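**Student:** File run_21.txt below, compact mmCIF, N, CA and C atoms:
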# COMPACT_ATOMS: atom_id res chain seq x y z
N MET H 1 20.12 -26.15 0.37
CA MET H 1 19.64 -25.34 1.48
C MET H 1 20.01 -23.90 1.23
N SER H 2 19.22 -22.96 1.73
CA SER H 2 19.46 -21.55 1.53
C SER H 2 20.63 -21.06 2.36
N ASP H 3 21.19 -19.96 1.93
CA ASP H 3 22.27 -19.33 2.65
C ASP H 3 21.75 -18.82 4.00
N PRO H 4 22.37 -19.22 5.14
CA PRO H 4 21.87 -18.83 6.44
C PRO H 4 21.81 -17.32 6.64
N THR H 5 22.67 -16.58 5.95
CA THR H 5 22.64 -15.13 6.12
C THR H 5 21.39 -14.51 5.52
N SER H 6 20.70 -15.22 4.62
CA SER H 6 19.50 -14.68 4.00
C SER H 6 18.22 -15.05 4.76
N LEU H 7 18.36 -15.75 5.87
CA LEU H 7 17.20 -16.14 6.66
C LEU H 7 16.59 -14.92 7.34
N PRO H 8 15.26 -14.88 7.45
CA PRO H 8 14.63 -13.76 8.16
C PRO H 8 15.00 -13.78 9.64
N THR H 9 15.04 -12.63 10.24
CA THR H 9 15.31 -12.51 11.66
C THR H 9 14.09 -12.97 12.45
N LEU H 10 14.32 -13.81 13.44
CA LEU H 10 13.22 -14.31 14.27
C LEU H 10 12.96 -13.36 15.41
N PRO H 11 11.74 -13.22 15.84
CA PRO H 11 10.52 -13.84 15.33
C PRO H 11 10.05 -13.14 14.06
N VAL H 12 9.37 -13.91 13.22
CA VAL H 12 8.81 -13.38 11.97
C VAL H 12 7.38 -13.90 11.82
N THR H 13 6.51 -13.01 11.35
CA THR H 13 5.10 -13.37 11.16
C THR H 13 4.77 -13.31 9.68
N PHE H 14 4.18 -14.39 9.18
CA PHE H 14 3.72 -14.46 7.80
C PHE H 14 2.20 -14.40 7.82
N ARG H 15 1.64 -13.48 7.05
CA ARG H 15 0.18 -13.40 6.95
C ARG H 15 -0.19 -12.80 5.60
N PRO H 16 -1.36 -13.16 5.09
CA PRO H 16 -1.79 -12.61 3.79
C PRO H 16 -2.30 -11.18 3.97
N GLY H 17 -1.41 -10.21 3.85
CA GLY H 17 -1.73 -8.82 4.16
C GLY H 17 -2.86 -8.23 3.35
N ARG H 18 -2.81 -8.38 2.04
CA ARG H 18 -3.87 -7.79 1.20
C ARG H 18 -5.22 -8.45 1.47
N THR H 19 -5.21 -9.76 1.61
CA THR H 19 -6.46 -10.48 1.90
C THR H 19 -7.03 -10.01 3.23
N ARG H 20 -6.16 -9.82 4.20
CA ARG H 20 -6.58 -9.36 5.53
C ARG H 20 -7.24 -7.98 5.44
N VAL H 21 -6.61 -7.08 4.70
CA VAL H 21 -7.17 -5.72 4.55
C VAL H 21 -8.54 -5.79 3.87
N ILE H 22 -8.64 -6.59 2.84
CA ILE H 22 -9.91 -6.70 2.12
C ILE H 22 -11.01 -7.27 3.02
N LEU H 23 -10.69 -8.32 3.77
CA LEU H 23 -11.69 -8.94 4.64
C LEU H 23 -12.14 -8.00 5.75
N LEU H 24 -11.20 -7.33 6.39
CA LEU H 24 -11.57 -6.43 7.48
C LEU H 24 -12.32 -5.20 6.97
N THR H 25 -11.90 -4.68 5.82
CA THR H 25 -12.61 -3.54 5.23
C THR H 25 -14.03 -3.94 4.85
N ALA H 26 -14.17 -5.10 4.22
CA ALA H 26 -15.51 -5.58 3.85
C ALA H 26 -16.36 -5.79 5.09
N GLY H 27 -15.78 -6.31 6.15
CA GLY H 27 -16.52 -6.53 7.39
C GLY H 27 -17.05 -5.24 7.99
N VAL H 28 -16.20 -4.21 8.00
CA VAL H 28 -16.62 -2.91 8.54
C VAL H 28 -17.72 -2.31 7.67
N VAL H 29 -17.52 -2.35 6.35
CA VAL H 29 -18.52 -1.78 5.44
C VAL H 29 -19.85 -2.51 5.57
N ILE H 30 -19.81 -3.83 5.61
CA ILE H 30 -21.05 -4.60 5.74
C ILE H 30 -21.75 -4.28 7.05
N PHE H 31 -20.99 -4.20 8.14
CA PHE H 31 -21.59 -3.87 9.44
C PHE H 31 -22.23 -2.49 9.39
N LEU H 32 -21.52 -1.50 8.83
CA LEU H 32 -22.06 -0.15 8.78
C LEU H 32 -23.30 -0.05 7.88
N VAL H 33 -23.28 -0.74 6.75
CA VAL H 33 -24.43 -0.70 5.83
C VAL H 33 -25.65 -1.35 6.48
N ILE H 34 -25.46 -2.52 7.05
CA ILE H 34 -26.60 -3.21 7.67
C ILE H 34 -27.14 -2.41 8.85
N SER H 35 -26.24 -1.86 9.67
CA SER H 35 -26.68 -1.05 10.81
C SER H 35 -27.36 0.23 10.33
N GLY H 36 -26.80 0.83 9.27
CA GLY H 36 -27.41 2.05 8.73
C GLY H 36 -28.80 1.80 8.17
N VAL H 37 -28.96 0.70 7.46
CA VAL H 37 -30.29 0.34 6.93
C VAL H 37 -31.26 0.14 8.09
N ALA H 38 -30.80 -0.50 9.14
CA ALA H 38 -31.67 -0.74 10.31
C ALA H 38 -32.14 0.58 10.92
N MET H 39 -31.26 1.57 10.95
CA MET H 39 -31.63 2.85 11.55
C MET H 39 -32.52 3.69 10.61
N LEU H 40 -32.36 3.50 9.30
CA LEU H 40 -33.12 4.29 8.34
C LEU H 40 -34.54 3.77 8.10
N LEU H 41 -34.76 2.49 8.33
CA LEU H 41 -36.09 1.92 8.13
C LEU H 41 -36.97 2.26 9.34
N GLU H 42 -37.86 3.20 9.12
CA GLU H 42 -38.68 3.72 10.23
C GLU H 42 -39.69 2.71 10.76
N GLN H 43 -40.11 1.78 9.91
CA GLN H 43 -41.12 0.82 10.34
C GLN H 43 -40.58 -0.28 11.25
N LEU H 44 -39.26 -0.33 11.44
CA LEU H 44 -38.68 -1.36 12.31
C LEU H 44 -38.76 -0.95 13.77
N GLY H 45 -39.07 -1.92 14.59
CA GLY H 45 -39.07 -1.68 16.03
C GLY H 45 -37.66 -1.85 16.59
N PRO H 46 -37.47 -1.55 17.88
CA PRO H 46 -36.14 -1.64 18.49
C PRO H 46 -35.54 -3.05 18.42
N GLY H 47 -36.36 -4.07 18.60
CA GLY H 47 -35.86 -5.45 18.54
C GLY H 47 -35.41 -5.82 17.15
N GLU H 48 -36.16 -5.38 16.16
CA GLU H 48 -35.79 -5.67 14.78
C GLU H 48 -34.50 -4.94 14.39
N ARG H 49 -34.38 -3.69 14.83
CA ARG H 49 -33.15 -2.95 14.56
C ARG H 49 -31.95 -3.63 15.21
N LEU H 50 -32.16 -4.08 16.44
CA LEU H 50 -31.09 -4.78 17.15
C LEU H 50 -30.70 -6.06 16.39
N SER H 51 -31.67 -6.76 15.84
CA SER H 51 -31.35 -7.98 15.10
C SER H 51 -30.53 -7.67 13.85
N PHE H 52 -30.81 -6.55 13.20
CA PHE H 52 -29.99 -6.12 12.06
C PHE H 52 -28.55 -5.86 12.50
N VAL H 53 -28.40 -5.12 13.58
CA VAL H 53 -27.06 -4.78 14.08
C VAL H 53 -26.30 -6.04 14.49
N ILE H 54 -26.98 -6.96 15.15
CA ILE H 54 -26.34 -8.21 15.57
C ILE H 54 -25.94 -9.03 14.34
N THR H 55 -26.78 -9.05 13.32
CA THR H 55 -26.43 -9.76 12.08
C THR H 55 -25.18 -9.15 11.45
N GLY H 56 -25.13 -7.83 11.38
CA GLY H 56 -23.93 -7.16 10.85
C GLY H 56 -22.70 -7.47 11.68
N ALA H 57 -22.85 -7.51 12.99
CA ALA H 57 -21.72 -7.83 13.88
C ALA H 57 -21.26 -9.27 13.67
N LEU H 58 -22.18 -10.18 13.48
CA LEU H 58 -21.81 -11.58 13.24
C LEU H 58 -21.07 -11.75 11.92
N ILE H 59 -21.51 -11.03 10.89
CA ILE H 59 -20.82 -11.09 9.60
C ILE H 59 -19.41 -10.52 9.76
N PHE H 60 -19.29 -9.39 10.47
CA PHE H 60 -17.96 -8.83 10.71
C PHE H 60 -17.09 -9.82 11.48
N TRP H 61 -17.64 -10.47 12.50
CA TRP H 61 -16.87 -11.43 13.30
C TRP H 61 -16.38 -12.60 12.42
N ALA H 62 -17.25 -13.09 11.54
CA ALA H 62 -16.87 -14.20 10.65
C ALA H 62 -15.72 -13.78 9.73
N LEU H 63 -15.80 -12.58 9.18
CA LEU H 63 -14.73 -12.11 8.30
C LEU H 63 -13.45 -11.84 9.09
N ALA H 64 -13.58 -11.39 10.33
CA ALA H 64 -12.40 -11.18 11.17
C ALA H 64 -11.72 -12.51 11.50
N GLN H 65 -12.51 -13.57 11.67
CA GLN H 65 -11.93 -14.90 11.91
C GLN H 65 -11.13 -15.35 10.69
N LEU H 66 -11.65 -15.08 9.50
CA LEU H 66 -10.93 -15.42 8.27
C LEU H 66 -9.65 -14.60 8.14
N ALA H 67 -9.67 -13.38 8.65
CA ALA H 67 -8.52 -12.47 8.53
C ALA H 67 -7.44 -12.73 9.57
N ARG H 68 -7.70 -13.52 10.58
CA ARG H 68 -6.73 -13.70 11.67
C ARG H 68 -5.64 -14.74 11.38
N VAL H 69 -5.74 -15.41 10.25
CA VAL H 69 -4.78 -16.47 9.96
C VAL H 69 -3.36 -15.91 9.85
N LYS H 70 -2.41 -16.68 10.40
CA LYS H 70 -1.00 -16.28 10.33
C LYS H 70 -0.12 -17.45 10.69
N VAL H 71 1.16 -17.31 10.38
CA VAL H 71 2.18 -18.27 10.75
C VAL H 71 3.29 -17.47 11.43
N VAL H 72 3.59 -17.81 12.67
CA VAL H 72 4.62 -17.09 13.43
C VAL H 72 5.78 -18.04 13.70
N ALA H 73 6.96 -17.67 13.22
CA ALA H 73 8.17 -18.47 13.46
C ALA H 73 9.01 -17.74 14.51
N ASP H 74 9.44 -18.50 15.53
CA ASP H 74 10.33 -17.94 16.54
C ASP H 74 11.40 -18.96 16.88
N GLU H 75 12.18 -18.70 17.88
CA GLU H 75 13.28 -19.59 18.25
C GLU H 75 12.81 -21.00 18.62
N THR H 76 11.62 -21.10 19.20
CA THR H 76 11.14 -22.40 19.69
C THR H 76 10.43 -23.22 18.63
N GLY H 77 9.97 -22.57 17.56
CA GLY H 77 9.25 -23.30 16.52
C GLY H 77 8.31 -22.40 15.75
N VAL H 78 7.22 -22.99 15.29
CA VAL H 78 6.26 -22.30 14.44
C VAL H 78 4.88 -22.42 15.06
N THR H 79 4.18 -21.30 15.15
CA THR H 79 2.79 -21.30 15.59
C THR H 79 1.92 -21.01 14.38
N VAL H 80 1.00 -21.94 14.10
CA VAL H 80 0.10 -21.81 12.97
C VAL H 80 -1.28 -21.45 13.52
N VAL H 81 -1.77 -20.27 13.13
CA VAL H 81 -3.10 -19.81 13.53
C VAL H 81 -3.98 -19.89 12.29
N ASN H 82 -4.93 -20.82 12.30
CA ASN H 82 -5.88 -20.97 11.21
C ASN H 82 -7.22 -20.41 11.65
N ILE H 83 -8.25 -20.62 10.86
CA ILE H 83 -9.55 -20.00 11.14
C ILE H 83 -10.09 -20.40 12.51
N ALA H 84 -10.07 -21.67 12.82
CA ALA H 84 -10.68 -22.14 14.07
C ALA H 84 -9.69 -22.85 14.98
N SER H 85 -8.39 -22.77 14.68
CA SER H 85 -7.43 -23.50 15.51
C SER H 85 -6.11 -22.75 15.57
N LYS H 86 -5.34 -23.12 16.60
CA LYS H 86 -4.00 -22.57 16.79
C LYS H 86 -3.13 -23.73 17.26
N ARG H 87 -1.97 -23.90 16.62
CA ARG H 87 -1.10 -25.03 16.98
C ARG H 87 0.35 -24.59 16.95
N HIS H 88 1.08 -24.94 18.00
CA HIS H 88 2.51 -24.65 18.05
C HIS H 88 3.29 -25.92 17.72
N LEU H 89 4.24 -25.79 16.81
CA LEU H 89 5.07 -26.92 16.39
C LEU H 89 6.52 -26.62 16.70
N ALA H 90 7.23 -27.59 17.25
CA ALA H 90 8.67 -27.45 17.40
C ALA H 90 9.30 -27.57 16.01
N TRP H 91 10.46 -26.96 15.82
CA TRP H 91 11.12 -27.01 14.51
C TRP H 91 11.33 -28.45 14.05
N ALA H 92 11.65 -29.34 14.98
CA ALA H 92 11.93 -30.74 14.62
C ALA H 92 10.69 -31.46 14.09
N GLU H 93 9.51 -30.96 14.40
CA GLU H 93 8.27 -31.60 13.92
C GLU H 93 8.00 -31.32 12.45
N ILE H 94 8.59 -30.27 11.90
CA ILE H 94 8.32 -29.87 10.52
C ILE H 94 9.33 -30.52 9.60
N LEU H 95 8.86 -31.46 8.78
CA LEU H 95 9.74 -32.14 7.84
C LEU H 95 9.85 -31.41 6.51
N GLN H 96 8.76 -30.79 6.09
CA GLN H 96 8.74 -30.16 4.78
C GLN H 96 7.70 -29.05 4.74
N VAL H 97 8.04 -27.98 4.02
CA VAL H 97 7.13 -26.86 3.78
C VAL H 97 6.77 -26.89 2.29
N ASN H 98 5.50 -27.10 1.97
CA ASN H 98 5.06 -27.25 0.58
C ASN H 98 4.11 -26.15 0.15
N LEU H 99 4.39 -25.59 -1.03
CA LEU H 99 3.45 -24.72 -1.72
C LEU H 99 3.56 -25.07 -3.20
N ARG H 100 2.76 -26.03 -3.61
CA ARG H 100 2.79 -26.50 -5.00
C ARG H 100 1.87 -25.64 -5.86
N PRO H 101 2.10 -25.61 -7.16
CA PRO H 101 1.20 -24.86 -8.05
C PRO H 101 -0.25 -25.35 -7.87
N GLY H 102 -1.15 -24.42 -7.68
CA GLY H 102 -2.56 -24.74 -7.49
C GLY H 102 -2.97 -24.92 -6.04
N ASP H 103 -2.00 -25.02 -5.12
CA ASP H 103 -2.36 -25.14 -3.69
C ASP H 103 -2.97 -23.82 -3.22
N PRO H 104 -4.01 -23.90 -2.37
CA PRO H 104 -4.61 -22.67 -1.87
C PRO H 104 -3.80 -22.01 -0.75
N TRP H 105 -2.91 -22.78 -0.12
CA TRP H 105 -2.05 -22.28 0.95
C TRP H 105 -0.92 -23.28 1.16
N VAL H 106 -0.03 -22.94 2.07
CA VAL H 106 1.11 -23.79 2.38
C VAL H 106 0.64 -24.98 3.21
N PHE H 107 1.27 -26.12 2.99
CA PHE H 107 1.04 -27.31 3.81
C PHE H 107 2.36 -27.68 4.47
N LEU H 108 2.30 -27.99 5.77
CA LEU H 108 3.47 -28.44 6.51
C LEU H 108 3.37 -29.94 6.70
N ASN H 109 4.35 -30.68 6.18
CA ASN H 109 4.41 -32.12 6.42
C ASN H 109 5.10 -32.33 7.74
N LEU H 110 4.46 -33.07 8.63
CA LEU H 110 4.94 -33.20 10.00
C LEU H 110 5.52 -34.58 10.28
N SER H 111 6.32 -34.64 11.33
CA SER H 111 7.02 -35.88 11.68
C SER H 111 6.06 -36.99 12.11
N ASP H 112 4.82 -36.67 12.50
CA ASP H 112 3.87 -37.71 12.89
C ASP H 112 3.12 -38.29 11.68
N GLY H 113 3.52 -37.89 10.46
CA GLY H 113 2.91 -38.43 9.26
C GLY H 113 1.71 -37.64 8.75
N THR H 114 1.35 -36.58 9.45
CA THR H 114 0.21 -35.76 9.02
C THR H 114 0.69 -34.52 8.28
N SER H 115 -0.26 -33.82 7.73
CA SER H 115 0.01 -32.57 7.03
C SER H 115 -0.88 -31.50 7.64
N LEU H 116 -0.31 -30.34 7.93
CA LEU H 116 -1.06 -29.25 8.55
C LEU H 116 -1.14 -28.08 7.57
N PRO H 117 -2.36 -27.65 7.22
CA PRO H 117 -2.47 -26.46 6.37
C PRO H 117 -2.08 -25.23 7.17
N ALA H 118 -1.32 -24.34 6.54
CA ALA H 118 -0.91 -23.08 7.17
C ALA H 118 -1.51 -21.95 6.34
N LEU H 119 -2.71 -21.54 6.69
CA LEU H 119 -3.46 -20.57 5.90
C LEU H 119 -2.83 -19.18 5.91
N GLY H 120 -1.86 -18.95 6.77
CA GLY H 120 -1.20 -17.65 6.84
C GLY H 120 -0.33 -17.35 5.63
N ILE H 121 -0.02 -18.37 4.85
CA ILE H 121 0.73 -18.15 3.60
C ILE H 121 -0.12 -18.72 2.48
N GLN H 122 -0.77 -17.81 1.74
CA GLN H 122 -1.67 -18.22 0.67
C GLN H 122 -1.47 -17.34 -0.55
N PRO H 123 -1.37 -17.96 -1.72
CA PRO H 123 -1.05 -17.21 -2.94
C PRO H 123 -2.24 -16.54 -3.62
N GLY H 124 -3.37 -16.46 -2.99
CA GLY H 124 -4.56 -15.91 -3.63
C GLY H 124 -4.36 -14.59 -4.34
N ILE H 125 -4.18 -13.50 -3.61
CA ILE H 125 -4.08 -12.17 -4.20
C ILE H 125 -2.62 -11.81 -4.50
N ALA H 126 -1.71 -12.18 -3.62
CA ALA H 126 -0.29 -11.80 -3.76
C ALA H 126 0.56 -13.06 -3.93
N LYS H 127 0.52 -13.62 -5.11
CA LYS H 127 1.17 -14.91 -5.37
C LYS H 127 2.68 -14.86 -5.12
N GLN H 128 3.36 -13.84 -5.65
CA GLN H 128 4.82 -13.76 -5.51
C GLN H 128 5.22 -13.58 -4.04
N HIS H 129 4.43 -12.81 -3.31
CA HIS H 129 4.71 -12.60 -1.88
C HIS H 129 4.56 -13.93 -1.12
N ALA H 130 3.53 -14.70 -1.45
CA ALA H 130 3.31 -15.99 -0.80
C ALA H 130 4.43 -16.97 -1.13
N ILE H 131 4.90 -16.95 -2.37
CA ILE H 131 6.01 -17.83 -2.74
C ILE H 131 7.27 -17.45 -1.97
N ALA H 132 7.54 -16.16 -1.84
CA ALA H 132 8.71 -15.70 -1.07
C ALA H 132 8.58 -16.09 0.40
N ASP H 133 7.38 -15.95 0.96
CA ASP H 133 7.15 -16.34 2.36
C ASP H 133 7.34 -17.85 2.55
N ALA H 134 6.83 -18.64 1.60
CA ALA H 134 6.98 -20.09 1.69
C ALA H 134 8.45 -20.49 1.62
N LYS H 135 9.20 -19.84 0.74
CA LYS H 135 10.64 -20.12 0.63
C LYS H 135 11.36 -19.74 1.92
N ALA H 136 10.98 -18.61 2.51
CA ALA H 136 11.62 -18.18 3.76
C ALA H 136 11.32 -19.16 4.88
N LEU H 137 10.06 -19.60 4.99
CA LEU H 137 9.70 -20.57 6.03
C LEU H 137 10.40 -21.90 5.79
N ARG H 138 10.49 -22.32 4.53
CA ARG H 138 11.19 -23.56 4.19
C ARG H 138 12.66 -23.46 4.60
N ALA H 139 13.30 -22.33 4.29
CA ALA H 139 14.71 -22.15 4.64
C ALA H 139 14.90 -22.15 6.15
N LEU H 140 14.00 -21.50 6.87
CA LEU H 140 14.08 -21.52 8.34
C LEU H 140 13.92 -22.93 8.88
N ALA H 141 12.95 -23.68 8.35
CA ALA H 141 12.71 -25.04 8.83
C ALA H 141 13.91 -25.93 8.55
N GLU H 142 14.49 -25.78 7.36
CA GLU H 142 15.68 -26.58 7.03
C GLU H 142 16.85 -26.20 7.93
N ALA H 143 17.08 -24.93 8.14
CA ALA H 143 18.20 -24.49 8.97
C ALA H 143 18.02 -24.92 10.42
N ARG H 144 16.81 -24.78 10.92
CA ARG H 144 16.53 -25.13 12.33
C ARG H 144 16.59 -26.64 12.54
N SER H 145 16.11 -27.42 11.57
CA SER H 145 16.14 -28.88 11.75
C SER H 145 17.56 -29.40 11.68
N MET H 146 18.40 -28.78 10.85
CA MET H 146 19.81 -29.17 10.77
C MET H 146 20.52 -28.83 12.08
N ARG H 147 20.17 -27.71 12.67
CA ARG H 147 20.78 -27.27 13.91
C ARG H 147 20.39 -28.18 15.07
N ASP H 148 19.16 -28.71 15.03
CA ASP H 148 18.65 -29.53 16.12
C ASP H 148 19.10 -30.99 16.04
N LEU H 149 19.76 -31.38 14.93
CA LEU H 149 20.23 -32.75 14.82
C LEU H 149 21.40 -32.98 15.77
N PRO H 150 21.55 -34.20 16.32
CA PRO H 150 22.65 -34.47 17.25
C PRO H 150 23.98 -34.54 16.53
Take the structure from the file and write it as structure tokens.

**Tutor:**
Amino acid sequence: MSDPTSLPTLPVTFRPGRTRVILLTAGVVIFLVISGVAMLLEQLGPGERLSFVITGALIFWALAQLARVKVVADETGVTVVNIASKRHLAWAEILQVNLRPGDPWVFLNLSDGTSLPALGIQPGIAKQHAIADAKALRALAEARSMRDLP
């Protein structure tokens, strides 16, 4: 188990920062380009222009959903925010924090026998940062589960 003095101070949020910046930047650029094209094409009517703008907004919204993923650890447990779901877990529910070579993100093995993907820690662009985050979450889970034992 890790040294308790090296544990991050709670609450702590883990998220793929570079991936988030890239997704949100791409979303804004795509929205602006599609909207700009709609305004520059003179042969388009108002409804067609609106459909271009709405399409750009939908693409931005989809990329923003991808960018919202995070894992928040606090005194009560861990909240995992994935693309289409949000789940709060008590510390005692988390048996293991896994980030194996080749995994696209961290997986939490839970006391009910299931595994929950935690997309907020993913080694895609910043592999070393994701490994450090996974180790920190693992150390927190181990420390908290030991503390919660009778």

**Student:** Please provide the set of residues having any atom within 8 Å of Gly17 (chain H), restricted to all atoms listed in the file, with same-chain residues fewer than 6 positions apart removed, written as number ranges by chain.

**Tutor:** H: 23, 120, 122, 126

**Student:** Keeping only N, CA and C atoms, write those residues as a compact mmCIF listing (two decimals), in the coordinates of the input.

**Tutor:**
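Below you can see part.txt, which holds the result:
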# COMPACT_ATOMS: atom_id res chain seq x y z
N LEU H 23 -10.69 -8.32 3.77
CA LEU H 23 -11.69 -8.94 4.64
C LEU H 23 -12.14 -8.00 5.75
N GLY H 120 -1.86 -18.95 6.77
CA GLY H 120 -1.20 -17.65 6.84
C GLY H 120 -0.33 -17.35 5.63
N GLN H 122 -0.77 -17.81 1.74
CA GLN H 122 -1.67 -18.22 0.67
C GLN H 122 -1.47 -17.34 -0.55
N ALA H 126 -1.71 -12.18 -3.62
CA ALA H 126 -0.29 -11.80 -3.76
C ALA H 126 0.56 -13.06 -3.93

**Student:** Do you know which residues are at most 10 Å from region 88-90 of chain H counting only C-alpha atoms, after dropping those on the same chain fewer than 4 positions away, and could you put them as a PDB file with N, CA and C atoms, keeping the file's coordinate frame?

**Tutor:**
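Below is the file that was written, part15.pdb:
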ATOM      1  N   VAL H  71       1.160 -17.310  10.380  1.00  0.00           N
ATOM      2  CA  VAL H  71       2.180 -18.270  10.750  1.00  0.00           C
ATOM      3  C   VAL H  71       3.290 -17.470  11.430  1.00  0.00           C
ATOM      4  N   VAL H  72       3.590 -17.810  12.670  1.00  0.00           N
ATOM      5  CA  VAL H  72       4.620 -17.090  13.430  1.00  0.00           C
ATOM      6  C   VAL H  72       5.780 -18.040  13.700  1.00  0.00           C
ATOM      7  N   ALA H  73       6.960 -17.670  13.220  1.00  0.00           N
ATOM      8  CA  ALA H  73       8.170 -18.470  13.460  1.00  0.00           C
ATOM      9  C   ALA H  73       9.010 -17.740  14.510  1.00  0.00           C
ATOM     10  N   ASP H  74       9.440 -18.500  15.530  1.00  0.00           N
ATOM     11  CA  ASP H  74      10.330 -17.940  16.540  1.00  0.00           C
ATOM     12  C   ASP H  74      11.400 -18.960  16.880  1.00  0.00           C
ATOM     13  N   GLU H  75      12.180 -18.700  17.880  1.00  0.00           N
ATOM     14  CA  GLU H  75      13.280 -19.590  18.250  1.00  0.00           C
ATOM     15  C   GLU H  75      12.810 -21.000  18.620  1.00  0.00           C
ATOM     16  N   THR H  76      11.620 -21.100  19.200  1.00  0.00           N
ATOM     17  CA  THR H  76      11.140 -22.400  19.690  1.00  0.00           C
ATOM     18  C   THR H  76      10.430 -23.220  18.630  1.00  0.00           C
ATOM     19  N   GLY H  77       9.970 -22.570  17.560  1.00  0.00           N
ATOM     20  CA  GLY H  77       9.250 -23.300  16.520  1.00  0.00           C
ATOM     21  C   GLY H  77       8.310 -22.400  15.750  1.00  0.00           C
ATOM     22  N   VAL H  78       7.220 -22.990  15.290  1.00  0.00           N
ATOM     23  CA  VAL H  78       6.260 -22.300  14.440  1.00  0.00           C
ATOM     24  C   VAL H  78       4.880 -22.420  15.060  1.00  0.00           C
ATOM     25  N   THR H  79       4.180 -21.300  15.150  1.00  0.00           N
ATOM     26  CA  THR H  79       2.790 -21.300  15.590  1.00  0.00           C
ATOM     27  C   THR H  79       1.920 -21.010  14.380  1.00  0.00           C
ATOM     28  N   VAL H  80       1.000 -21.940  14.100  1.00  0.00           N
ATOM     29  CA  VAL H  80       0.100 -21.810  12.970  1.00  0.00           C
ATOM     30  C   VAL H  80      -1.280 -21.450  13.520  1.00  0.00           C
ATOM     31  N   VAL H  81      -1.770 -20.270  13.130  1.00  0.00           N
ATOM     32  CA  VAL H  81      -3.100 -19.810  13.530  1.00  0.00           C
ATOM     33  C   VAL H  81      -3.980 -19.890  12.290  1.00  0.00           C
ATOM     34  N   ILE H  94       8.590 -30.270  11.900  1.00  0.00           N
ATOM     35  CA  ILE H  94       8.320 -29.870  10.520  1.00  0.00           C
ATOM     36  C   ILE H  94       9.330 -30.520   9.600  1.00  0.00           C
ATOM     37  N   LEU H 110       4.460 -33.070   8.630  1.00  0.00           N
ATOM     38  CA  LEU H 110       4.940 -33.200  10.000  1.00  0.00           C
ATOM     39  C   LEU H 110       5.520 -34.580  10.280  1.00  0.00           C
ATOM     40  N   ALA H 141      12.950 -23.680   8.350  1.00  0.00           N
ATOM     41  CA  ALA H 141      12.710 -25.040   8.830  1.00  0.00           C
ATOM     42  C   ALA H 141      13.910 -25.930   8.550  1.00  0.00           C
ATOM     43  N   ARG H 144      16.810 -24.780  10.920  1.00  0.00           N
ATOM     44  CA  ARG H 144      16.530 -25.130  12.330  1.00  0.00           C
ATOM     45  C   ARG H 144      16.590 -26.640  12.540  1.00  0.00           C
ATOM     46  N   SER H 145      16.110 -27.420  11.570  1.00  0.00           N
ATOM     47  CA  SER H 145      16.140 -28.880  11.750  1.00  0.00           C
ATOM     48  C   SER H 145      17.560 -29.400  11.680  1.00  0.00           C
TER      49      SER H 145
END

**Student:** State, in Å with one decimal place, the distance from atom N of Leu50 (chain H) to atom N of Val28 (chain H).

**Tutor:**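 Atom N of Val28 (chain H) lies at a distance of 18.1 Å from atom N of Leu50 (chain H).
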
**Student:** Check the smallest atom-to-atom distance from each of H:Ile131, H:Ala92, H:Val69, H:Ile83 to Arg20 (chain H) using all atoms listed in the file, then report the winner.

**Tutor:**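 Result for the nearest residue to Arg20 (chain H): H:Val69.
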
**Student:** From a DSSP calculation on the backbone, collect every residue of region 55-147 of chain H in helix (DSSP H, G or I) and output the set as JSON, numbers by chain.

**Tutor:** {"H": [55, 56, 57, 58, 59, 60, 61, 62, 63, 64, 65, 66, 67, 91, 92, 93, 127, 128, 129, 130, 131, 132, 133, 134, 135, 136, 137, 138, 139, 140, 141, 142, 143, 144, 145, 146, 147]}

**Student:** For a test of reading the model, state the distance in Å between CA of Trp105 (chain H) and atom N of Ala62 (chain H), rounded to one decimal.

**Tutor:** 20.7 Å
